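I have placed the structure first, in the form of C-alpha cells, so that the comments after it can refer back to it.
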Amino acid sequence: MQRRELEAKGLLVTPGLIDLHAHLREPGFEESETIASGSRAALRGGFTTICAMPNTEPAIDSPGLVAEVIARGGAAAAARVLPIATITRGRTGRELADLIELSAAGAVAFSDDGSPVDDARLFRHALEYARTKDLLIIEHAQDISLSRNGVMHEGVVSARLGLPGIPSAAEDTAVARDIAIAEMTRARLHLTHISTRGAIASIRAAKARGLRITRGLGRRRPRIRVGAGGSANESRDRGIWAVVRWRTRAGPFRESGASRSRSARDAVRLVNEGQPATARVA
Ligand SMILES: [Zn+2]
C-alpha cells in the first residue's frame, strides 16, 4: 500500500461520515442542487456516503429511477450516493410503492419525506412489507390536520409575528401513532427531523421497551456551544472544552453524549481559531 503524508494542521481527521438525509433535488429541481454537485459538496465536508431523499420531481418510486440515481451518483465520482425510495407511489400517500422491487433495485430505505404517510392503515401496510425483508422506513412525523399551513413553531414568537404556527402536538401525536404501529408490526422505523420534547420522550420510552426505533434531529438545531455557559477560557480551566447541545424547539438545550469528546474539543479549537461556531448537520 502506498503511504502518503498530508498536512492536517487545523483540520479534523475522522472516518468518512455518512449523511442519512441528503436532498440532492435531482431530478426536477436542478437549479437548487444536482446529484453531482451534492455529492461533491458532501465529500468536501467529510461525508463519503450520502443517502438521497426521494422527494424530487418525479419522486423516486420506480426501480428505473432508483437505478438512475445510482448511475448519476457513480458518474459524479465523489461521495457514494445511496438512493432512498418513496413509501407511496408518487409520494401521494394513496397507494404503496413496490418496496421489495425498489429494494432489489438498490433503494436502501423508504420515505415520503416532506410529507407523512397520513393514512394509518397504509402506514401499517408499509411497515408490514418492510418487516418481511427487514427494510427501513423513514417517516416524516407530522399530523397535517394539526400543522395545516403553519410555517413555524406555535408559541409566543409566532403570535408576536402574526405567523401561523405548528403546535408541538402535531409532532407528538404523529410520533405516538408511528410508534404504536411499529410496535404492532415489529418493523424498523426511523423518525426524521424530530424537534419536540414530547416526541423525544416517546421515542426514548419505545427504545427502552426494545423497539427498533431511531430518530434524526431537525435541521439547524444542533449547536456547538463553548463551555457550559462560560467563556472558552473558563471552560478550559475547568477541563470542559465543549458541550454539544441539541436544542429541541419546545425545550431547553440538551447535552448530547458527544460532549467532552475529542471531536467536540477539536470543534472548540476551530472556534477559537476563528472558524464557524455552528456545527452543520444535514
Ligand atoms: Zn428532508
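Naming scheme: A, B, ... for chains in displayed order of the C-alpha cells; residues 1 onward per chain; ligands 1 onward as shown.
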
Using only C-alpha atoms and all ligand atoms, which residues have at least one atom no more than 10 Å from ligand 1? Output them as a ChimeraX atom specification. /A:20-23,52-55,111-115,139-140,192-193,218-219,282

Those same residues - C-alpha atoms - I'd like them written as a CSV table (one decimal), in the first residue's frame.
chain,number,residue,atom,x,y,z
A,20,LEU,CA,-28.7,9.6,6.2
A,21,HIS,CA,-30.8,12.5,5.0
A,22,ALA,CA,-29.5,14.4,2.0
A,23,HIS,CA,-31.6,16.3,-0.6
A,52,ALA,CA,-30.6,10.8,-1.2
A,53,MET,CA,-34.2,11.6,-0.2
A,54,PRO,CA,-36.8,10.8,-2.9
A,55,ASN,CA,-38.9,14.0,-2.8
A,111,SER,CA,-39.6,7.6,2.9
A,112,ASP,CA,-42.2,10.1,1.7
A,113,ASP,CA,-40.1,12.8,3.3
A,114,GLY,CA,-41.6,16.2,3.1
A,115,SER,CA,-44.9,14.6,3.9
A,139,GLU,CA,-41.2,8.7,8.5
A,140,HIS,CA,-41.7,12.4,8.5
A,192,THR,CA,-36.9,12.1,10.9
A,193,HIS,CA,-36.4,15.8,11.9
A,218,GLY,CA,-34.4,18.7,12.9
A,219,ARG,CA,-32.0,20.7,10.7
A,282,ALA,CA,-27.6,18.0,7.0

Just list the residues in range 119-169 of chain A DSSP gives helix (DSSP H, G or I) on the backbone, as a ChimeraX atom specification. /A:120-133,144-147,156-161,168-169

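Considering only range 109-191 of chain A, backbone DSSP assigns strand (DSSP E) to Ala109, Phe110, Ser111, Leu136, Ile137, Ile138, Glu139, His140, Met152, His153, Gly165, Ile166, Arg188, Leu189, His190 and Leu191 of chain A.
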
Which one is closest to Gly90 in chain A: A:Ala67, A:Ala77, A:Pro167, A:Glu57? Count only C-alpha atoms. A:Glu57

Using only C-alpha atoms, which of A:Ser103, A:Thr49, A:Thr173, A:Ser62 sits nearest Asp134 in chain A? A:Ser103

Can you tell me, as a compact mmCIF listing (two decimals) with C-alpha atoms, in the first residue's frame, what residues are no more than 6 Å from Ala109 in chain A when counting only C-alpha atoms, ignoring any on the same chain fewer than 3 positions away?
# COMPACT_ATOMS: atom_id res chain seq x y z
CA ILE A 84 -33.94 6.28 -0.63
CA LEU A 136 -36.03 0.57 6.88
CA ILE A 137 -38.94 3.01 6.80

List the neighbours of Glu183 in chain A out to 12 Å using only C-alpha atoms; skip same-chain residues closer than 3 positions along the sequence, and give me the result as a PDB file with N, CA and C atoms, in the first residue's frame.
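Output file result-v4.pdb is given in full below:
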ATOM      1  N   ARG A 124     -49.345   1.187   8.193  1.00  0.00           N
ATOM      2  CA  ARG A 124     -49.244  -0.157   8.763  1.00  0.00           C
ATOM      3  C   ARG A 124     -48.803  -1.153   7.681  1.00  0.00           C
ATOM      4  N   LEU A 127     -45.134  -0.803   6.853  1.00  0.00           N
ATOM      5  CA  LEU A 127     -44.263  -1.410   7.861  1.00  0.00           C
ATOM      6  C   LEU A 127     -44.324  -2.938   7.797  1.00  0.00           C
ATOM      7  N   GLU A 128     -45.492  -3.472   7.475  1.00  0.00           N
ATOM      8  CA  GLU A 128     -45.607  -4.935   7.359  1.00  0.00           C
ATOM      9  C   GLU A 128     -44.761  -5.460   6.200  1.00  0.00           C
ATOM     10  N   ARG A 131     -41.123  -5.193   7.071  1.00  0.00           N
ATOM     11  CA  ARG A 131     -40.731  -6.203   8.065  1.00  0.00           C
ATOM     12  C   ARG A 131     -40.321  -7.518   7.395  1.00  0.00           C
ATOM     13  N   ALA A 176     -46.434   9.311  18.367  1.00  0.00           N
ATOM     14  CA  ALA A 176     -47.130   8.293  19.173  1.00  0.00           C
ATOM     15  C   ALA A 176     -47.803   7.270  18.256  1.00  0.00           C
ATOM     16  N   ARG A 177     -48.434   7.746  17.181  1.00  0.00           N
ATOM     17  CA  ARG A 177     -49.076   6.830  16.226  1.00  0.00           C
ATOM     18  C   ARG A 177     -48.036   5.922  15.576  1.00  0.00           C
ATOM     19  N   ASP A 178     -46.952   6.537  15.116  1.00  0.00           N
ATOM     20  CA  ASP A 178     -45.927   5.768  14.399  1.00  0.00           C
ATOM     21  C   ASP A 178     -45.328   4.683  15.301  1.00  0.00           C
ATOM     22  N   ILE A 179     -45.101   5.033  16.562  1.00  0.00           N
ATOM     23  CA  ILE A 179     -44.521   4.060  17.496  1.00  0.00           C
ATOM     24  C   ILE A 179     -45.507   2.915  17.735  1.00  0.00           C
ATOM     25  N   ALA A 180     -46.782   3.242  17.881  1.00  0.00           N
ATOM     26  CA  ALA A 180     -47.788   2.190  18.121  1.00  0.00           C
ATOM     27  C   ALA A 180     -47.824   1.218  16.950  1.00  0.00           C
ATOM     28  N   ARG A 186     -43.609  -4.783  14.488  1.00  0.00           N
ATOM     29  CA  ARG A 186     -42.213  -5.138  14.844  1.00  0.00           C
ATOM     30  C   ARG A 186     -41.241  -4.762  13.721  1.00  0.00           C
ATOM     31  N   ALA A 187     -41.546  -3.703  12.997  1.00  0.00           N
ATOM     32  CA  ALA A 187     -40.662  -3.272  11.892  1.00  0.00           C
ATOM     33  C   ALA A 187     -39.642  -2.261  12.410  1.00  0.00           C
ATOM     34  N   ARG A 188     -38.606  -2.033  11.595  1.00  0.00           N
ATOM     35  CA  ARG A 188     -37.624  -0.980  11.916  1.00  0.00           C
ATOM     36  C   ARG A 188     -38.196   0.354  11.463  1.00  0.00           C
ATOM     37  N   LEU A 189     -37.987   1.366  12.272  1.00  0.00           N
ATOM     38  CA  LEU A 189     -38.538   2.677  11.927  1.00  0.00           C
ATOM     39  C   LEU A 189     -37.563   3.775  12.339  1.00  0.00           C
ATOM     40  N   ILE A 203     -39.993   8.419  22.049  1.00  0.00           N
ATOM     41  CA  ILE A 203     -39.015   7.573  21.356  1.00  0.00           C
ATOM     42  C   ILE A 203     -38.102   6.880  22.378  1.00  0.00           C
ATOM     43  N   ALA A 205     -38.864   6.076  25.423  1.00  0.00           N
ATOM     44  CA  ALA A 205     -39.630   5.014  26.091  1.00  0.00           C
ATOM     45  C   ALA A 205     -39.771   3.807  25.175  1.00  0.00           C
ATOM     46  N   ALA A 206     -39.967   4.055  23.870  1.00  0.00           N
ATOM     47  CA  ALA A 206     -40.113   2.953  22.911  1.00  0.00           C
ATOM     48  C   ALA A 206     -38.819   2.155  22.810  1.00  0.00           C
ATOM     49  N   LYS A 207     -37.699   2.869  22.785  1.00  0.00           N
ATOM     50  CA  LYS A 207     -36.408   2.173  22.709  1.00  0.00           C
ATOM     51  C   LYS A 207     -36.177   1.359  23.976  1.00  0.00           C
ATOM     52  N   ARG A 209     -38.330  -0.101  25.613  1.00  0.00           N
ATOM     53  CA  ARG A 209     -39.138  -1.330  25.517  1.00  0.00           C
ATOM     54  C   ARG A 209     -38.566  -2.305  24.499  1.00  0.00           C
ATOM     55  N   GLY A 210     -37.483  -1.914  23.832  1.00  0.00           N
ATOM     56  CA  GLY A 210     -36.818  -2.815  22.896  1.00  0.00           C
ATOM     57  C   GLY A 210     -37.245  -2.647  21.451  1.00  0.00           C
ATOM     58  N   LEU A 211     -38.032  -1.604  21.139  1.00  0.00           N
ATOM     59  CA  LEU A 211     -38.440  -1.396  19.743  1.00  0.00           C
ATOM     60  C   LEU A 211     -37.251  -0.871  18.940  1.00  0.00           C
ATOM     61  N   ARG A 212     -37.239  -1.232  17.636  1.00  0.00           N
ATOM     62  CA  ARG A 212     -36.126  -0.821  16.773  1.00  0.00           C
ATOM     63  C   ARG A 212     -36.456   0.529  16.138  1.00  0.00           C
ATOM     64  N   ILE A 213     -36.405   1.543  16.973  1.00  0.00           N
ATOM     65  CA  ILE A 213     -36.756   2.894  16.519  1.00  0.00           C
ATOM     66  C   ILE A 213     -35.558   3.821  16.737  1.00  0.00           C
TER      67      ILE A 213
END

Got a sec: who's within 9 Å of Gly198 in chain A, counting only C-alpha atoms, leaving out chain neighbours fewer than 5 positions off, as a ChimeraX atom specification? /A:168-169,171-173,175,203,250

Restricting to only C-alpha atoms, whichever of A:Thr132, A:Thr88, A:Thr196, A:Ser39 is closest to Ile70 in chain A is A:Ser39

Excluding Gly165 in chain A and any residue of its chain fewer than 6 positions from it, enumerate the residues within 8 Å of it, using only C-alpha atoms, and give them as a list in words. Ser147, Asn149, Gly150, Val151, Met152, His153, Glu154, Gly155, Ser158 and Ala159 of chain A
